[in-house]
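A short worksheet on the structure shown next.
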Amino acid sequence: MAQSTVPTVHSRAELAGETVRRILHVAAAMRHHQDEGIAALGLTPAVARALHQLDPDRPLPARDLAEQLGCDRSNVTGLADKLEQAGLVERRTDPADRRQKALVVTRRGRQVRERLRQVMSDSRLLDGLSTDELATLRDLVLKVSDGGCPQECGAGLSHAGRNVSEWARRARVGNAVRVTTPHDLDDRLRAELAALGAPDQRRDLGEPLPDGGPLTGAQTLALFDAQVTSRLLDLAGRWLSGFGEGYFTVESAGHEGDAAVAAALRPTDPALLHARSGAFYCLRAAQAAGAFPAAPPPSATAATHSPDTGVPDLPSEPDADPSPSAPTAPEPGRSRSGSAPPGAVPYQDLDADPGDREAASLPSGAGIVVDADGDATVVVPDLPQPAPDDAFAAAARDVLRGIVASAEEPAAGGRAKVFGRADLAVVPTTSAAGSHLPRAVGLGLALERLRCGARASDGEADAAPWPADAVVVCSFDDVAVDHATATAALNTTGWYDHTGLRIPVLFVCADSGASAEGWVAATLRSRPGIRYFAADGTDVAATYRIAAEAADWVRRQRRPAVLHLSTVRLMEQGDGDAARDPLLATARLLVTSGYAGGEELLARYDERGWQLRRVAEEVLDEPKLASPVEIVRELAPRRPVRVSRAVAEAAAHAAGPGAGARAEAFGGKPPELTGPLTLAQSINAALADGMLDHPGTAVFGHEVAARGGVYGVTEGLRDRFGAARVFDTLPDETSILGLGLGAGLAGLLPVPEIRHLASLHGAEDQLRGEAATMRFLSRGAFRNPMVVRVPGLASPDGLGGHDRNDNSLGALRDVPGLVVAVPARPDDAAPMLRTCLAAARVDGSVCVFVEPIALYHVRDLYTDGDDEWTAEYAEPGTWADRHVPIGRARVYGIGSAEDLTIITFGNGVRMSLRAAATLAGEGVGSRVVDLRWLAPLPVADIIREASATGRVLVVDETRRTGGVGEGVLSALVDTGYVGAARRVAALDSFVPLGPAARQVLVSAEAITQGARTLLAR
């Protein structure tokens, strides 16, 4: 168990000891931080110290340099030379003594010196020290300078020197530096809150905003709480990282207005959030816990926002409820007399004179105190203090657990810092800019199809985890707008809307001004088919109003919209205007509206800060992931027995209750009665059987419906199963995979087709960063089962050139948890596809089914017309017996099968069998091992068959570098194989056009010659 560096302190003695220990820890971190900064500037410590001491506005006589630096005169000349060689100073005649030279800081020296000053004065590492601790630090610095500090203190603090003393003087009497507050941001916010003063007239929190806004005071206060919690979490991340216990510091500071977006949505709306969504997450947690007050009744005269868009409205869905679903809370206007001072009388209980104008103007929920003289005083209850373990504290605990990599973190369990929780409908996403947008589009399309009657993959109509009228919300920042994945997602969304398909997705772009002025707005406005809304993201009232309108429009119309929020980035990589701090804007709104005073809000800020410190100290003591088994447990679970059982159940259904529907789907002639099938025909039949067995199975891709795909493999499926389950997409692989990711997340079983293996490479992050990480980032709470079909590998004739003959699989094989299948024969293709479908359904597996293009329509093996590369399709009653588990190879024996083991896959199987036949004529018996599964490799079968002969020839049609053969040879070495081994592989080259392809690819002749060389050893 990791030990906390900030344990809970119970006594003065413990406090003193812990304070010194923490100070020494921070001082050591300061030294390391400064050394790193100096090295980054290309300076040595000695040169950096010299430059830091020089006055850029006054020449320094060279003879005075030693005294200025406090160093030995013998070192001065060399140090001055180094400064001059680096271009930081130049020697000029000393104006005070023209016989002497003086050092003058150059323009470059001024620039480097300013950057060095920032490094040396960086105070972030002291942000976690309280007033008492800073005072102790100051005393220790003085002791260091006086020589009165123990040796270990001096070693830790001497390097900080003058800067430590300067930073230590930041201690404020009576106004403790918050444990989580970097000074620059915290000091300003605290000063501004204190300066807000008291409201002119107090209002009850149950009343709506006085300007007719859509929020009540209680809702605005809840938004402020969410924003404060998010800000303090940002600062806590800096504090924790300052002493080596925090591992993630991407901050939400300046983006806290998205709490209002969360408030405008329902806690059951699936949310895919970017990394700066702390306030959204905190507010969503409060909604789910019933801690966000109910909305007031809608006003008939409420102003509406008219978005600047050319997207017309469609008739609303009759079953769509436009109002955000908020947890039950006390009704607006209800008395909170329990918080009033003793003697207060609830205003509602008084017999007020109907004509009394003063009484009629009293705030709802106010009390009246009557003193002994009969004088009455109106009293409005003070702000309620945050409960120690309220919903915001719980949300903070989630986030802090992620920051410190606690194994008890609810989303990834310490594997990553993400915003995600299944019970909050927050889907974890990676930090790659915009990579989650394609999934959001797919999820929206899938939810709409489920709402319209599609069935989930387990056959249950109600299996979808979200309500029928749910809206998908997907946030991203302005940096992502220009990324290819975001562009693809927005383009696909508009295309689907243009074709009449409804996708209920609300995109939320947090624009902090990183792009050229006006660019983000122009880009988002110009998206066809996506309605545009815009709001000031620092104004929670305006943001809530516009967000509620946007969410309402998407929910009613079931069409996409984008909400463009102008924000500011106040911390990491941010140089935004602190005057636009959304926390300060919300505080001003509370004060000017009469709900709270500045000192009350400052006290609330402080109380939250100490609340988070307590939580931080608690999560530091929680266990971390401590074994490889714990880490990979949820990566890609394999339950082969359940998968085998699922195949057997499908067989029983196809042969029993589903026999009639199956016969009808195949036009009265099921595939087992049609004679020998080619590889393509066998895959087509297996897809049809899979769609019959799994009602949630959907096949899609570019022209897979209209033309049966590039190679006709899906021909006829749309006619059998309809356009809702077999449909065409844009020819964009990122979007195709994104649709699959969203469909799997919604409970469907997607089977997307990618046109060519070469086309997949541009979209691989959707597999690597999104699909393969879903279980890893959610501890299995979310999954995206998917079987991706990819025509791939190379044709020996080089048809189509390199873009249609890509033979690279290395990028797929190293994706953790990804299943990569390569069927070579028709009688393997169907059972392997059934296994992939069953594994996706049972385990949530993501499978890539690579189909050798050159073998699609091949019928012969040895001679023309022998039909030995075709096979009968298995009838359902034999599926269970012919089941092909993941990670099991197939072995062919040629001749005696005792002399040589050939290990191969894909096209190599057919070529190796032909080479083995030639070798058999020479008296050599061979075993040909078809790997079938490239990830995971069938290691047990490899070792068994290699050991049987002691001679292994690996035939790898992928490239020598990064190819499958490297994995096979590594498996042999790792398991102690001591026999002979040789490899025949394609060259490290792209596949050229035409007959030239034979010069770089594997051939039967090369295999035969390689075997002979191996046997001759």
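Going through the structure tokens in order, the chains are called A, B, and so on, while each chain numbers its residues from 1 and the ligands are numbered from 1 in the order shown.
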
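With only C-alpha atoms taken into account, the protein and nucleic acid residues at most 9 Å from Glu703 of chain A (excluding it and anything under 2 positions from it in its own chain) are Phe700, Gly701, Ala705, Ala706, Arg707, Gly708, Gly709, Val710, Phe727, Asp728, Thr729, Leu730 and Pro731 of chain A.
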
Just asking: which residues within segment 430-540 of chain A are alpha helix (DSSP H) according to DSSP, as a PDB file with N, CA and C atoms, in the first residue's frame?
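Writing done, so here's out.pdb:
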```pdb
ATOM      1  N   LEU A 437     -15.470  11.857 -30.567  1.00  0.00           N
ATOM      2  CA  LEU A 437     -16.618  12.372 -31.313  1.00  0.00           C
ATOM      3  C   LEU A 437     -17.236  11.334 -32.247  1.00  0.00           C
ATOM      4  N   PRO A 438     -16.444  10.552 -33.003  1.00  0.00           N
ATOM      5  CA  PRO A 438     -17.082   9.533 -33.854  1.00  0.00           C
ATOM      6  C   PRO A 438     -17.917   8.545 -33.056  1.00  0.00           C
ATOM      7  N   ARG A 439     -17.477   8.181 -31.857  1.00  0.00           N
ATOM      8  CA  ARG A 439     -18.271   7.275 -31.025  1.00  0.00           C
ATOM      9  C   ARG A 439     -19.594   7.930 -30.637  1.00  0.00           C
ATOM     10  N   ALA A 440     -19.555   9.220 -30.319  1.00  0.00           N
ATOM     11  CA  ALA A 440     -20.778   9.922 -29.943  1.00  0.00           C
ATOM     12  C   ALA A 440     -21.797   9.895 -31.079  1.00  0.00           C
ATOM     13  N   VAL A 441     -21.318  10.069 -32.307  1.00  0.00           N
ATOM     14  CA  VAL A 441     -22.212  10.010 -33.465  1.00  0.00           C
ATOM     15  C   VAL A 441     -22.820   8.615 -33.581  1.00  0.00           C
ATOM     16  N   GLY A 442     -21.984   7.594 -33.440  1.00  0.00           N
ATOM     17  CA  GLY A 442     -22.488   6.225 -33.514  1.00  0.00           C
ATOM     18  C   GLY A 442     -23.473   5.914 -32.417  1.00  0.00           C
ATOM     19  N   LEU A 443     -23.214   6.430 -31.207  1.00  0.00           N
ATOM     20  CA  LEU A 443     -24.130   6.199 -30.097  1.00  0.00           C
ATOM     21  C   LEU A 443     -25.473   6.871 -30.361  1.00  0.00           C
ATOM     22  N   GLY A 444     -25.433   8.091 -30.882  1.00  0.00           N
ATOM     23  CA  GLY A 444     -26.689   8.776 -31.191  1.00  0.00           C
ATOM     24  C   GLY A 444     -27.499   8.039 -32.240  1.00  0.00           C
ATOM     25  N   LEU A 445     -26.832   7.572 -33.292  1.00  0.00           N
ATOM     26  CA  LEU A 445     -27.536   6.838 -34.339  1.00  0.00           C
ATOM     27  C   LEU A 445     -28.112   5.538 -33.792  1.00  0.00           C
ATOM     28  N   ALA A 446     -27.345   4.841 -32.943  1.00  0.00           N
ATOM     29  CA  ALA A 446     -27.811   3.577 -32.388  1.00  0.00           C
ATOM     30  C   ALA A 446     -28.993   3.777 -31.444  1.00  0.00           C
ATOM     31  N   LEU A 447     -28.936   4.806 -30.609  1.00  0.00           N
ATOM     32  CA  LEU A 447     -30.047   5.067 -29.692  1.00  0.00           C
ATOM     33  C   LEU A 447     -31.327   5.374 -30.460  1.00  0.00           C
ATOM     34  N   GLU A 448     -31.203   6.090 -31.555  1.00  0.00           N
ATOM     35  CA  GLU A 448     -32.395   6.403 -32.343  1.00  0.00           C
ATOM     36  C   GLU A 448     -32.950   5.151 -33.014  1.00  0.00           C
ATOM     37  N   ARG A 449     -32.071   4.275 -33.446  1.00  0.00           N
ATOM     38  CA  ARG A 449     -32.541   3.025 -34.053  1.00  0.00           C
ATOM     39  C   ARG A 449     -33.207   2.133 -33.005  1.00  0.00           C
ATOM     40  N   LEU A 450     -32.636   2.106 -31.804  1.00  0.00           N
ATOM     41  CA  LEU A 450     -33.264   1.335 -30.732  1.00  0.00           C
ATOM     42  C   LEU A 450     -34.624   1.932 -30.373  1.00  0.00           C
ATOM     43  N   ARG A 451     -34.715   3.240 -30.369  1.00  0.00           N
ATOM     44  CA  ARG A 451     -35.984   3.891 -30.054  1.00  0.00           C
ATOM     45  C   ARG A 451     -37.047   3.571 -31.098  1.00  0.00           C
ATOM     46  N   ALA A 484      -8.574  15.763 -37.317  1.00  0.00           N
ATOM     47  CA  ALA A 484      -9.239  14.971 -38.359  1.00  0.00           C
ATOM     48  C   ALA A 484     -10.426  14.189 -37.816  1.00  0.00           C
ATOM     49  N   THR A 485     -10.289  13.625 -36.596  1.00  0.00           N
ATOM     50  CA  THR A 485     -11.387  12.813 -36.069  1.00  0.00           C
ATOM     51  C   THR A 485     -12.624  13.651 -35.811  1.00  0.00           C
ATOM     52  N   ALA A 486     -12.436  14.864 -35.273  1.00  0.00           N
ATOM     53  CA  ALA A 486     -13.587  15.736 -35.033  1.00  0.00           C
ATOM     54  C   ALA A 486     -14.206  16.175 -36.350  1.00  0.00           C
ATOM     55  N   THR A 487     -13.371  16.506 -37.312  1.00  0.00           N
ATOM     56  CA  THR A 487     -13.893  16.899 -38.619  1.00  0.00           C
ATOM     57  C   THR A 487     -14.686  15.768 -39.251  1.00  0.00           C
ATOM     58  N   ALA A 488     -14.168  14.548 -39.146  1.00  0.00           N
ATOM     59  CA  ALA A 488     -14.878  13.390 -39.698  1.00  0.00           C
ATOM     60  C   ALA A 488     -16.221  13.188 -39.012  1.00  0.00           C
ATOM     61  N   ALA A 489     -16.244  13.334 -37.695  1.00  0.00           N
ATOM     62  CA  ALA A 489     -17.487  13.113 -36.949  1.00  0.00           C
ATOM     63  C   ALA A 489     -18.542  14.150 -37.310  1.00  0.00           C
ATOM     64  N   LEU A 490     -18.142  15.416 -37.347  1.00  0.00           N
ATOM     65  CA  LEU A 490     -19.103  16.469 -37.676  1.00  0.00           C
ATOM     66  C   LEU A 490     -19.587  16.331 -39.114  1.00  0.00           C
ATOM     67  N   ASN A 491     -18.687  15.945 -40.010  1.00  0.00           N
ATOM     68  CA  ASN A 491     -19.080  15.754 -41.402  1.00  0.00           C
ATOM     69  C   ASN A 491     -20.067  14.599 -41.537  1.00  0.00           C
ATOM     70  N   THR A 492     -19.789  13.501 -40.839  1.00  0.00           N
ATOM     71  CA  THR A 492     -20.688  12.346 -40.883  1.00  0.00           C
ATOM     72  C   THR A 492     -22.054  12.687 -40.302  1.00  0.00           C
ATOM     73  N   THR A 493     -22.059  13.456 -39.225  1.00  0.00           N
ATOM     74  CA  THR A 493     -23.320  13.857 -38.608  1.00  0.00           C
ATOM     75  C   THR A 493     -24.170  14.646 -39.592  1.00  0.00           C
ATOM     76  N   GLY A 494     -23.547  15.622 -40.254  1.00  0.00           N
ATOM     77  CA  GLY A 494     -24.292  16.413 -41.236  1.00  0.00           C
ATOM     78  C   GLY A 494     -24.770  15.583 -42.415  1.00  0.00           C
ATOM     79  N   TRP A 495     -23.945  14.619 -42.822  1.00  0.00           N
ATOM     80  CA  TRP A 495     -24.326  13.775 -43.964  1.00  0.00           C
ATOM     81  C   TRP A 495     -25.545  12.921 -43.621  1.00  0.00           C
ATOM     82  N   TYR A 496     -25.540  12.339 -42.429  1.00  0.00           N
ATOM     83  CA  TYR A 496     -26.685  11.527 -42.028  1.00  0.00           C
ATOM     84  C   TYR A 496     -27.942  12.375 -41.908  1.00  0.00           C
ATOM     85  N   ASP A 497     -27.809  13.579 -41.376  1.00  0.00           N
ATOM     86  CA  ASP A 497     -28.979  14.447 -41.287  1.00  0.00           C
ATOM     87  C   ASP A 497     -29.486  14.804 -42.681  1.00  0.00           C
ATOM     88  N   HIS A 498     -28.572  15.000 -43.606  1.00  0.00           N
ATOM     89  CA  HIS A 498     -28.946  15.317 -44.990  1.00  0.00           C
ATOM     90  C   HIS A 498     -29.707  14.167 -45.636  1.00  0.00           C
ATOM     91  N   TRP A 519     -12.436  31.795 -35.944  1.00  0.00           N
ATOM     92  CA  TRP A 519     -12.326  30.578 -36.749  1.00  0.00           C
ATOM     93  C   TRP A 519     -13.257  29.479 -36.254  1.00  0.00           C
ATOM     94  N   VAL A 520     -13.294  29.267 -34.956  1.00  0.00           N
ATOM     95  CA  VAL A 520     -14.128  28.193 -34.412  1.00  0.00           C
ATOM     96  C   VAL A 520     -15.598  28.459 -34.709  1.00  0.00           C
ATOM     97  N   ALA A 521     -16.033  29.696 -34.487  1.00  0.00           N
ATOM     98  CA  ALA A 521     -17.429  30.031 -34.763  1.00  0.00           C
ATOM     99  C   ALA A 521     -17.754  29.834 -36.234  1.00  0.00           C
ATOM    100  N   ALA A 522     -16.863  30.283 -37.111  1.00  0.00           N
ATOM    101  CA  ALA A 522     -17.111  30.130 -38.545  1.00  0.00           C
ATOM    102  C   ALA A 522     -17.166  28.660 -38.939  1.00  0.00           C
ATOM    103  N   THR A 523     -16.289  27.860 -38.344  1.00  0.00           N
ATOM    104  CA  THR A 523     -16.255  26.432 -38.668  1.00  0.00           C
ATOM    105  C   THR A 523     -17.527  25.731 -38.215  1.00  0.00           C
ATOM    106  N   LEU A 524     -17.945  26.012 -36.988  1.00  0.00           N
ATOM    107  CA  LEU A 524     -19.124  25.329 -36.457  1.00  0.00           C
ATOM    108  C   LEU A 524     -20.413  25.822 -37.118  1.00  0.00           C
ATOM    109  N   ARG A 525     -20.482  27.105 -37.416  1.00  0.00           N
ATOM    110  CA  ARG A 525     -21.683  27.638 -38.078  1.00  0.00           C
ATOM    111  C   ARG A 525     -21.884  27.035 -39.462  1.00  0.00           C
ATOM    112  N   VAL A 540     -23.221  31.557 -16.132  1.00  0.00           N
ATOM    113  CA  VAL A 540     -23.978  30.324 -15.954  1.00  0.00           C
ATOM    114  C   VAL A 540     -25.450  30.509 -16.300  1.00  0.00           C
TER     115      VAL A 540
END
```

The residue from A:Phe990, A:Asp81, A:Ala794, A:Gly42 with the smallest atom-to-atom distance to Arg115 of chain A, counting only C-alpha atoms, is A:Gly42

With distances taken over only C-alpha atoms, the candidate from A:Ser252, A:Thr961, A:Ser593, A:Thr878 nearest Gly217 of chain A is A:Ser593

Using only C-alpha atoms, which residue out of A:Pro270, A:Gly877, A:Pro465, A:Pro210 lies closest to His653 of chain A?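 Answer, going by the shortest atom-to-atom distance: A:Gly877.
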
How far is it from atom CA of Ala514 of chain A to atom CA of Leu272 of chain A, in Å with one decimal?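 The value is 21.8 Å.
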
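Proximity of A:Leu240, A:Arg569, A:Pro61, A:Gly254 to Arg92 of chain A, computed with only C-alpha atoms, is greatest for A:Pro61.
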
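With only C-alpha atoms as the atoms that count, the residue of A:Ala411, A:Leu383, A:Leu60, A:Val568 with the shortest distance to Ala395 of chain A is A:Ala411.
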
Close residues, Leu215 of chain A itself excluded, 7 Å, only C-alpha atoms, min 6 positions apart in chain, as a list in words: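 That gives Pro208, Leu209 and Ala541 of chain A.
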
Saved selection, atoms kept: N, CA and C atoms, as a PDB file, in the first residue's frame:
```pdb
ATOM      1  N   PRO A 208     -36.703  32.714  -8.170  1.00  0.00           N
ATOM      2  CA  PRO A 208     -35.950  32.788  -9.420  1.00  0.00           C
ATOM      3  C   PRO A 208     -35.098  34.039  -9.492  1.00  0.00           C
ATOM      4  N   LEU A 209     -34.151  34.049 -10.411  1.00  0.00           N
ATOM      5  CA  LEU A 209     -33.299  35.215 -10.605  1.00  0.00           C
ATOM      6  C   LEU A 209     -34.163  36.453 -10.866  1.00  0.00           C
ATOM      7  N   ALA A 541     -26.007  31.676 -16.044  1.00  0.00           N
ATOM      8  CA  ALA A 541     -27.421  31.890 -16.355  1.00  0.00           C
ATOM      9  C   ALA A 541     -27.652  31.837 -17.851  1.00  0.00           C
TER      10      ALA A 541
END
```

List the spatial neighbours of Thr773 of chain A as number ranges by chain - criterion: any atom at most 9 Å away, only C-alpha atoms, same-chain residues fewer than 6 positions off excluded. A: 429-430, 635, 767, 816-817

Once you have the residues from the selection above, write them out as a short mmCIF file (atom, residue, chain, number, x, y, z; two decimals), in the first residue's frame, restricted to C-alpha atoms.
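In the end it all went to part-v5.cif:
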```
data_model
loop_
_atom_site.label_atom_id
_atom_site.label_comp_id
_atom_site.auth_asym_id
_atom_site.auth_seq_id
_atom_site.Cartn_x
_atom_site.Cartn_y
_atom_site.Cartn_z
CA THR A 429 -12.95 8.86 -22.96
CA THR A 430 -9.27 9.14 -23.78
CA LEU A 635 -8.56 -5.31 -20.52
CA LEU A 767 -9.39 0.84 -32.45
CA PRO A 816 -3.71 -4.79 -26.08
CA GLY A 817 -6.77 -7.03 -25.99
#
```

Report the residues of segment 668-799 of chain A whose backbone DSSP state falls under strand (DSSP E), written as a PyMOL selection string. chain A and resi 697-701+726-728+749-753+786-792

Atoms kept (C-alpha atoms) for selection, written as a CSV table (one decimal), in the first residue's frame:
```
chain,number,residue,atom,x,y,z
A,697,THR,CA,-26.3,-7.4,-35.4
A,698,ALA,CA,-25.8,-4.6,-37.9
A,699,VAL,CA,-23.6,-4.7,-41.0
A,700,PHE,CA,-22.5,-1.4,-42.5
A,701,GLY,CA,-19.7,0.2,-44.5
A,726,VAL,CA,-27.5,-3.4,-43.5
A,727,PHE,CA,-26.7,0.1,-44.6
A,728,ASP,CA,-24.2,2.2,-46.5
A,749,LEU,CA,-23.5,-5.9,-32.2
A,750,PRO,CA,-21.9,-4.0,-35.0
A,751,VAL,CA,-20.0,-5.6,-37.9
A,752,PRO,CA,-18.5,-2.7,-39.9
A,753,GLU,CA,-16.6,-3.3,-43.1
A,786,MET,CA,-17.5,-5.2,-32.4
A,787,VAL,CA,-16.3,-7.4,-35.3
A,788,VAL,CA,-14.5,-5.3,-37.9
A,789,ARG,CA,-14.2,-7.0,-41.3
A,790,VAL,CA,-11.2,-5.9,-43.4
A,791,PRO,CA,-10.3,-7.2,-46.8
A,792,GLY,CA,-6.5,-7.3,-46.6
```

Among the residues A:Val858, A:Ile530, A:Ala840, A:Ala596, the one that comes closest to Ala680 of chain A [using only C-alpha atoms]: A:Val858
